[in-house]
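> To start, I am sharing the structure in question, which I have written as structure tokens.
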Amino acid sequence: MEKQYPKNLEKWGRFWEKEKIYKFKRDKKSIYSIDTPPPYVSAEHLHVGHVMSYVQADFIARFWRQKGFNVFYPMGFDDNGLPTERFVEKKYNIDKSKISKKNFVELCLKETRRISKIYKKFWQKIGLSIDWSLSYNTIGPLCQKISQKSFIELFKNKKIIRREEPIIWCPKCQTALSQADLIDKKESGYLNFIKFLFWNGKEAIVATTRPELIPACIALFVNPLDKRYKAFIGKKAIVPLGNYKVPILASQKVDQKFGTGLMMVCTWGDIEDIYKWKQYKLKTRLIINKDGSLNELSGVYKGLSIMEARKKILIDLEKNGFLKKKEKITHVLNVHERCKTPIEFLKAPQWFIKILDIKKTLKKQGKKINWYPKFMKVKYDNWVDNLKWDWCISRQRFYGTPFPVWYCSNCGKIILAKEKDLPVDPTQNKPPISRCPKCKSNKFLPETDVMDTWMTSSLTPLINARWKEKKSLIQKIYPMNLRPQGFEIIRSWLFYTVVKSFFHTKTLPWKNVMISGWGLDWEGKKMSKSLGNVIYPEEVLKKYPVDALRYWATKANLGKNLRYQEKEVENGHRLMTKLWNAFYFSFFHLKNFNINNFNYNFKLYPTDQWIFSKLQETIKKSTNYFEKYEYGKARREIEDFFWKDFCNNYLELIKYRLYSKREDIIKKSAQFTLYKVFLNILKLFAPFLPYLTEEIYQLYFRKLEKVKSIHLTSWPVIEKDLLNKKIELTGDRIINLINAIRKSKSERNYSLKEEVKRLIIYCSNDMAKKLSLFVNDLKEMNNINVIEFKTKDEIKNGISVRDGLKIKIQF
RNA sequence: GGACGGUUGGCUCAGUGGUAGAGCGCUUCGUUCACAUCGAAGAGGUCGCAGGUUCAAUCCCUGCACCGUCCACCA
């Protein structure tokens, strides 16, 4: 056996697959179910941040599996929707206007199939203990069917409606969006001060960052308390460059201090415009087309893009003396998360799920979830509080789940698909009826929009449970035990899943959520391709084994971001070497020892009692941490116990007994303890280091323990009779003595093997009695010739030991 | 403007109402007998700042500063 752990650990990945170690058993009870995040299939490579969060969930899965639970741990692939479309467009440099929908969708399917394979291989390599037979992909028939079922049920329950109203629109992707699709982007621009003329020939100034919307102006608003404009209320103003008049109205909401205190309301520049338009029943002057160009209502600006129009209108305003001044400002824009294009508002019929009317209920639902860590709940609450739109679920795109809907081409009646026919594509399939029940027309038009990707993703717990399918698991795994996910999609994936579960099952989708942070680059910055700071796990894995990279992921506390530092991977590698060498040593002393033929009828040697008691503490603490999803703290407990108590002290203390030629009871006690404690250490490390622990287990323990894999062995439980606080305290005192002796040798520049002629310990008789239990081990370990106990009043210039003992060391 | 997280030794981070911890780095010492990918010892911190509560605050409370993130401000 080598002194370095074997290089071919990855063979265990194949072993786990072949032996179906992670198989979920349909008929077995005590289930622990995990709603794994299905990654977007929209990049060639996953980065080290993905490894971090997925591996963290895997620690938890492995823990519960070892605890004896029947773990439901699936993987999904989110391969529909805009992210995939954009990936394919980029890769093939596609002009959407020149490719048929059919060809484009085929290309998307081809790419997602290819990348899903890469992902699967990668997750297996990383050691995720997934049952791959539970996989799903969001564009696949099962997911489409469940999404459409969800749609039909919500429609029938009047939670989904189709209506025409102002919507959030991305002029670049040319689709409606929902609030969750938006992010903020800081931008510098100009606040333009524009002169408006009034009915009486007077003038006043309006400040705007969007002068191109002047032709869309429908009213001016002032604060009723604003003395400057009091006289204007109820009168009319003339829109510059246009020859029409708009009313001047009053609203408390107008901030007197912003700009000039005179607010221009357009169709529509922001959500405030929409509110005012609704509330005051203002006219509509929509000047922006779906592609972001201006229409004929804008007059001479027709056909220009928004930016072109902005430039041109400023020139025209200036020429005509309407532009008073420009002020440079930075402001924050709402942009589409996927393409970073500033969004517009326009009017078009869309499908909505009504959520604004149940905000209170959704807050309550959020409160019922166990949040790990707790502070992440605030992000959910903030999001619900700030909801301003119902959830727009229709997208004017190609690649996604179709709506199971046709319209009567005569009267517009909505025709739904029958559940038994799902999944349907109305552009390919015929409606379930031949004549419109309302007007008897026999002509129908398919809905051509596709669903928002979150419409499907929000159903992952129900997809996992095969909701309303033949072999439904809904009674078994739902509500699920755990949703592990990143904090950035609390407002989308988590939120929408809560919504859907509430509507469909009136329950929570899961009991616990574990929120992970991000993997950051070595400087603590978010990894992104454009910054060139993305770290790819493949590169790391050329140098280090998987377990070492997994070790890095344990370094993040729950919910915290984690920098990628090779140093930490290196530390993982060192831990592996240490574990291997501890095994190498133990194996040497255990190879002729058979635990199964072992007779327990004796009392364990004190040092052995001590390490057993320490082990119980470690089991207790690490189990508690795991149950609170604090995998990082659990690892620390285990590692400290292993490295410090077990390797640095215990192994050294028992060496002389192990090397002894006499096969006596004190040697047997050491062997027994070594076997048990080492096996427990292996089990405790197994969630973190699945490969190396499996290697060691298979090399030695399997034939004795008779369980197929370390990952199917039981998680250590505390054995109360092994927990012995008294012996633990005395043992800890012995460790302090050892440290004092080591220090004394070190100060004299002696080797640790240097002989101590005499060690005198000054203490009470009572203490001497306790300590003397360890005297032999202490002597042998530290090469002490004689140990003497003396009472305290005999002290002459002794050394103080940490816990109050006094000693004297003579060389 | 609102919210959340952070501020602890040179670096990266734990942690606790009562003598401050780890890993790395640094200094010194130590290899026949699991491991030099190791072991031992040491140096190094008024725990961001200012108040308050307490017998006692790095920890609890208030305010402030700085860093990170999210949301709101597009008139």
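Residues in the structure tokens are named by chain (A, B, ... in the order shown) and by number from 1 within that chain; ligands are numbered from 1 in the order shown.
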Enumerate, as an mmCIF file with N, CA and C atoms, in the first residue's frame, the complete set of residues in range 272-372 of chain A that a backbone-based DSSP assignment places in alpha helix (DSSP H).

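Done, and the output landed in states-v5.cif:
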data_model
loop_
_atom_site.group_PDB
_atom_site.id
_atom_site.type_symbol
_atom_site.label_atom_id
_atom_site.label_comp_id
_atom_site.auth_asym_id
_atom_site.auth_seq_id
_atom_site.Cartn_x
_atom_site.Cartn_y
_atom_site.Cartn_z
ATOM 1 N N GLU A 272 -45.678 54.547 -12.405
ATOM 2 C CA GLU A 272 -46.443 55.679 -11.874
ATOM 3 C C GLU A 272 -47.361 56.249 -12.964
ATOM 4 N N ASP A 273 -46.844 56.308 -14.187
ATOM 5 C CA ASP A 273 -47.661 56.761 -15.315
ATOM 6 C C ASP A 273 -48.888 55.875 -15.493
ATOM 7 N N ILE A 274 -48.660 54.589 -15.314
ATOM 8 C CA ILE A 274 -49.762 53.645 -15.496
ATOM 9 C C ILE A 274 -50.817 53.831 -14.413
ATOM 10 N N TYR A 275 -50.341 54.014 -13.170
ATOM 11 C CA TYR A 275 -51.282 54.249 -12.073
ATOM 12 C C TYR A 275 -52.130 55.493 -12.353
ATOM 13 N N LYS A 276 -51.454 56.573 -12.775
ATOM 14 C CA LYS A 276 -52.159 57.833 -13.000
ATOM 15 C C LYS A 276 -53.117 57.693 -14.182
ATOM 16 N N TRP A 277 -52.649 57.000 -15.205
ATOM 17 C CA TRP A 277 -53.471 56.777 -16.395
ATOM 18 C C TRP A 277 -54.762 56.050 -16.012
ATOM 19 N N LYS A 278 -54.616 55.051 -15.126
ATOM 20 C CA LYS A 278 -55.788 54.301 -14.682
ATOM 21 C C LYS A 278 -56.683 55.144 -13.779
ATOM 22 N N GLN A 279 -56.047 55.743 -12.790
ATOM 23 C CA GLN A 279 -56.798 56.428 -11.755
ATOM 24 C C GLN A 279 -57.559 57.635 -12.293
ATOM 25 N N ILE A 306 -35.828 54.298 -30.066
ATOM 26 C CA ILE A 306 -35.979 55.163 -28.900
ATOM 27 C C ILE A 306 -34.781 56.098 -28.743
ATOM 28 N N MET A 307 -33.589 55.532 -28.881
ATOM 29 C CA MET A 307 -32.388 56.352 -28.693
ATOM 30 C C MET A 307 -32.237 57.396 -29.808
ATOM 31 N N GLU A 308 -32.558 56.980 -31.031
ATOM 32 C CA GLU A 308 -32.484 57.928 -32.153
ATOM 33 C C GLU A 308 -33.476 59.065 -31.955
ATOM 34 N N ALA A 309 -34.689 58.683 -31.540
ATOM 35 C CA ALA A 309 -35.724 59.682 -31.325
ATOM 36 C C ALA A 309 -35.322 60.649 -30.223
ATOM 37 N N ARG A 310 -34.686 60.110 -29.178
ATOM 38 C CA ARG A 310 -34.281 60.966 -28.065
ATOM 39 C C ARG A 310 -33.318 62.045 -28.547
ATOM 40 N N LYS A 311 -32.337 61.621 -29.349
ATOM 41 C CA LYS A 311 -31.357 62.579 -29.883
ATOM 42 C C LYS A 311 -32.040 63.646 -30.738
ATOM 43 N N LYS A 312 -32.896 63.141 -31.645
ATOM 44 C CA LYS A 312 -33.494 64.051 -32.620
ATOM 45 C C LYS A 312 -34.436 65.048 -31.945
ATOM 46 N N ILE A 313 -35.221 64.553 -31.003
ATOM 47 C CA ILE A 313 -36.192 65.464 -30.385
ATOM 48 C C ILE A 313 -35.489 66.528 -29.560
ATOM 49 N N LEU A 314 -34.326 66.168 -28.977
ATOM 50 C CA LEU A 314 -33.578 67.168 -28.213
ATOM 51 C C LEU A 314 -33.066 68.278 -29.131
ATOM 52 N N ILE A 315 -32.616 67.861 -30.316
ATOM 53 C CA ILE A 315 -32.161 68.864 -31.292
ATOM 54 C C ILE A 315 -33.326 69.778 -31.667
ATOM 55 N N ASP A 316 -34.477 69.155 -31.938
ATOM 56 C CA ASP A 316 -35.643 69.931 -32.348
ATOM 57 C C ASP A 316 -36.124 70.859 -31.230
ATOM 58 N N LEU A 317 -36.113 70.324 -29.997
ATOM 59 C CA LEU A 317 -36.544 71.145 -28.865
ATOM 60 C C LEU A 317 -35.632 72.345 -28.705
ATOM 61 N N GLU A 318 -34.343 72.090 -28.840
ATOM 62 C CA GLU A 318 -33.367 73.164 -28.674
ATOM 63 C C GLU A 318 -33.560 74.232 -29.757
ATOM 64 N N LYS A 319 -33.737 73.759 -30.986
ATOM 65 C CA LYS A 319 -33.942 74.656 -32.124
ATOM 66 C C LYS A 319 -35.119 75.595 -31.886
ATOM 67 N N LYS A 359 -51.286 38.717 -1.561
ATOM 68 C CA LYS A 359 -49.983 39.039 -0.965
ATOM 69 C C LYS A 359 -49.904 38.639 0.513
ATOM 70 N N LYS A 360 -50.990 38.927 1.234
ATOM 71 C CA LYS A 360 -50.985 38.598 2.666
ATOM 72 C C LYS A 360 -50.821 37.099 2.891
ATOM 73 N N THR A 361 -51.564 36.341 2.121
ATOM 74 C CA THR A 361 -51.476 34.881 2.244
ATOM 75 C C THR A 361 -50.077 34.400 1.916
ATOM 76 N N LEU A 362 -49.494 34.988 0.901
ATOM 77 C CA LEU A 362 -48.154 34.553 0.508
ATOM 78 C C LEU A 362 -47.127 34.880 1.589
ATOM 79 N N LYS A 363 -47.341 36.008 2.260
ATOM 80 C CA LYS A 363 -46.451 36.322 3.381
ATOM 81 C C LYS A 363 -46.586 35.250 4.462
ATOM 82 N N LYS A 364 -47.831 34.857 4.723
ATOM 83 C CA LYS A 364 -48.074 33.829 5.738
ATOM 84 C C LYS A 364 -47.409 32.523 5.358
ATOM 85 N N GLN A 365 -47.535 32.159 4.100
ATOM 86 C CA GLN A 365 -46.908 30.921 3.643
ATOM 87 C C GLN A 365 -45.398 30.980 3.862
ATOM 88 N N GLY A 366 -44.818 32.120 3.537
ATOM 89 C CA GLY A 366 -43.377 32.294 3.714
ATOM 90 C C GLY A 366 -42.952 32.112 5.164
ATOM 91 N N LYS A 367 -43.834 32.541 6.042
ATOM 92 C CA LYS A 367 -43.533 32.457 7.470
ATOM 93 C C LYS A 367 -43.513 31.011 7.953
ATOM 94 N N LYS A 368 -44.279 30.170 7.274
ATOM 95 C CA LYS A 368 -44.369 28.781 7.706
ATOM 96 C C LYS A 368 -43.160 27.948 7.287
#
> Find the nearest atom pair between each residue of chain A and chain B for residues within 7 Å, count only C-alpha atoms (C1' of nucleotides), give distances in Å to one decimal, sort rows by chain and ascending number, and present the table as a tab-separated table.

residue	atom	partner	partner_atom	distance
A:Ala207	CA	B:A75	C1'	6.9
A:Thr208	CA	B:A75	C1'	6.4
A:Leu262	CA	B:A75	C1'	6.8
A:Met263	CA	B:A75	C1'	3.8
A:Met264	CA	B:A75	C1'	4.9
A:Val265	CA	B:A75	C1'	6.7
A:Asp270	CA	B:C74	C1'	6.7
A:Leu333	CA	B:C74	C1'	6.5
A:Arg574	CA	B:U37	C1'	5.5
A:Thr577	CA	B:U37	C1'	6.6
A:Lys578	CA	B:C35	C1'	6.1
A:Asn581	CA	B:A34	C1'	4.9
A:Ala582	CA	B:A34	C1'	5.4
A:Tyr584	CA	B:A34	C1'	5.7
A:Phe585	CA	B:A34	C1'	4.0
A:Arg742	CA	B:A40	C1'	6.3
A:Lys743	CA	B:A41	C1'	5.6
A:Ser746	CA	B:A41	C1'	5.4
A:Glu747	CA	B:A41	C1'	6.8
A:Asn749	CA	B:C29	C1'	5.2
A:Ser751	CA	B:G30	C1'	5.0
A:Leu752	CA	B:G30	C1'	6.8
> Compile the contact shell of C11 in chain B as a PDB file with N, CA and C atoms (P, O5', C5', C4', C3', O3' and C1' of nucleotides), in the first residue's frame: residues with an atom at most 12 Å away, counting only C-alpha atoms (C1' of nucleotides), same-chain residues fewer than 5 positions apart removed.

ATOM      1  N   GLU A 523     -10.711  37.194  -5.645  1.00  0.00           N
ATOM      2  CA  GLU A 523     -10.725  38.528  -5.048  1.00  0.00           C
ATOM      3  C   GLU A 523     -12.043  38.822  -4.339  1.00  0.00           C
ATOM      4  N   GLN A 565     -10.488  29.647  -3.465  1.00  0.00           N
ATOM      5  CA  GLN A 565      -9.063  29.760  -3.144  1.00  0.00           C
ATOM      6  C   GLN A 565      -8.426  28.396  -3.274  1.00  0.00           C
ATOM      7  N   LYS A 567      -5.785  27.386  -2.199  1.00  0.00           N
ATOM      8  CA  LYS A 567      -5.274  27.021  -0.882  1.00  0.00           C
ATOM      9  C   LYS A 567      -6.229  26.088  -0.131  1.00  0.00           C
TER      10      LYS A 567
ATOM     11  P     G B  23      -4.350  25.393  13.242  1.00  0.00           P
ATOM     12  O5'   G B  23      -4.562  25.663  11.696  1.00  0.00           O
ATOM     13  C5'   G B  23      -5.196  24.675  10.862  1.00  0.00           C
ATOM     14  C4'   G B  23      -5.356  25.246   9.482  1.00  0.00           C
ATOM     15  C3'   G B  23      -4.100  25.874   8.891  1.00  0.00           C
ATOM     16  O3'   G B  23      -3.257  24.890   8.318  1.00  0.00           O
ATOM     17  C1'   G B  23      -5.901  27.358   8.615  1.00  0.00           C
ATOM     18  P     C B  24      -1.726  25.115   8.315  1.00  0.00           P
ATOM     19  O5'   C B  24      -1.546  26.302   7.263  1.00  0.00           O
ATOM     20  C5'   C B  24      -1.861  26.107   5.890  1.00  0.00           C
ATOM     21  C4'   C B  24      -1.823  27.431   5.167  1.00  0.00           C
ATOM     22  C3'   C B  24      -0.517  28.208   5.264  1.00  0.00           C
ATOM     23  O3'   C B  24       0.448  27.726   4.338  1.00  0.00           O
ATOM     24  C1'   C B  24      -2.313  29.671   5.682  1.00  0.00           C
ATOM     25  P     G B  25       1.958  27.700   4.785  1.00  0.00           P
ATOM     26  O5'   G B  25       2.293  29.240   4.952  1.00  0.00           O
ATOM     27  C5'   G B  25       2.311  30.109   3.813  1.00  0.00           C
ATOM     28  C4'   G B  25       2.609  31.513   4.260  1.00  0.00           C
ATOM     29  C3'   G B  25       3.829  31.663   5.153  1.00  0.00           C
ATOM     30  O3'   G B  25       5.023  31.721   4.399  1.00  0.00           O
ATOM     31  C1'   G B  25       2.027  32.861   6.100  1.00  0.00           C
ATOM     32  P     C B  26       6.327  31.065   4.987  1.00  0.00           P
ATOM     33  O5'   C B  26       6.671  32.011   6.227  1.00  0.00           O
ATOM     34  C5'   C B  26       6.961  33.395   6.017  1.00  0.00           C
ATOM     35  C4'   C B  26       7.212  34.074   7.343  1.00  0.00           C
ATOM     36  C3'   C B  26       8.194  33.363   8.265  1.00  0.00           C
ATOM     37  O3'   C B  26       9.538  33.650   7.904  1.00  0.00           O
ATOM     38  C1'   C B  26       6.290  34.003   9.506  1.00  0.00           C
TER      39        C B  26
END
> Please indicate the distance in Å from C1' of G6 in chain B to C1' of C61 in chain B, rounded to one decimal place.
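Computing the Euclidean distance for C1' of G6 in chain B and C1' of C61 in chain B yields 19.1 Å.
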> Please report, as a list in words, each residue of range 517-756 of chain A to which DSSP assigns strand (DSSP E) when run on this structure's backbone.
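Listing strand (DSSP E) positions across range 517-756 of chain A yields Gly519, Leu520, Leu562, Arg563 and Val756 of chain A.
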> Give me the residues near Lys245 in chain A as a CSV table (one decimal) with C-alpha atoms, in the first residue's frame, where near means some atom within 10 Å (using only C-alpha atoms (C1' of nucleotides)) and where sequence neighbours in that chain fewer than 6 positions away do not count.

chain,number,residue,atom,x,y,z
A,197,LEU,CA,-46.6,76.7,-22.7
A,198,PHE,CA,-49.9,77.3,-20.9
A,199,TRP,CA,-53.3,78.5,-21.8
A,217,CYS,CA,-47.6,63.1,-22.9
A,218,ILE,CA,-51.1,62.9,-21.7
A,219,ALA,CA,-51.1,65.1,-18.6
A,235,LYS,CA,-56.1,74.3,-16.7
A,236,LYS,CA,-54.4,73.0,-19.9
A,237,ALA,CA,-50.9,73.1,-21.2
A,238,ILE,CA,-49.6,72.8,-24.8
A,239,VAL,CA,-47.2,69.9,-25.5
> In terms of the shortest atom-to-atom distance over only C-alpha atoms, which of A:Cys439, A:Ile355, A:Ile477, A:Leu520 is closest to Phe24 in chain A?
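Using only C-alpha atoms, Phe24 in chain A sits closest to A:Ile477.
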> With only C-alpha atoms (C1' of nucleotides) as the counted atoms, please give the residues lying no more than 10 Å from range 664-680 of chain A, apart from itself and same-chain residues fewer than 3 positions off, as a PyMOL selection string.
chain A and resi 579+582-583+586-587+589-590+593-595+598-600+602-609+611-612+614-616+619+642+646+650-651+653-661+683-686+693+696-697+701+705+710+714-717
> Give me the residues within 6 Å of Ser135 in chain A as a VMD selection string, counting only C-alpha atoms (C1' of nucleotides) and dropping any in the same chain fewer than 6 places off.
chain A and resid 74 to 76
> What separation in Å, quoted to one decimal, exists between CA of Thr460 in chain A and CA of Leu128 in chain A?
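So the answer is 18.7 Å.
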> I'd like the interatomic distance between CA of Thr554 in chain A and CA of Arg62 in chain A, to a tenth of an Å.
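According to the coordinates, CA of Thr554 in chain A and CA of Arg62 in chain A are separated by 13.9 Å.
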> Considering only C-alpha atoms, can you say which of A:Glu106, A:Glu164, A:Glu419, A:Asp58 comes closest to Lys468 in chain A?
A:Glu419
> Near range 531-534 of chain A, counting only C-alpha atoms (C1' of nucleotides), which residues have an atom at most 10 Å away, once you skip same-chain residues fewer than 2 positions from it, shown as a ChimeraX atom specification?
/A:46-49,519-523,525-529,536-537,564
> Go through A:Val540, A:Val513, A:Ile414, A:Met480 one by one, measure the shortest atom-to-atom distance of each to Tyr32 in chain A using only C-alpha atoms, and give the residue with the smallest value.
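Looking at the shortest contact to Tyr32 in chain A, the residue is A:Met480.
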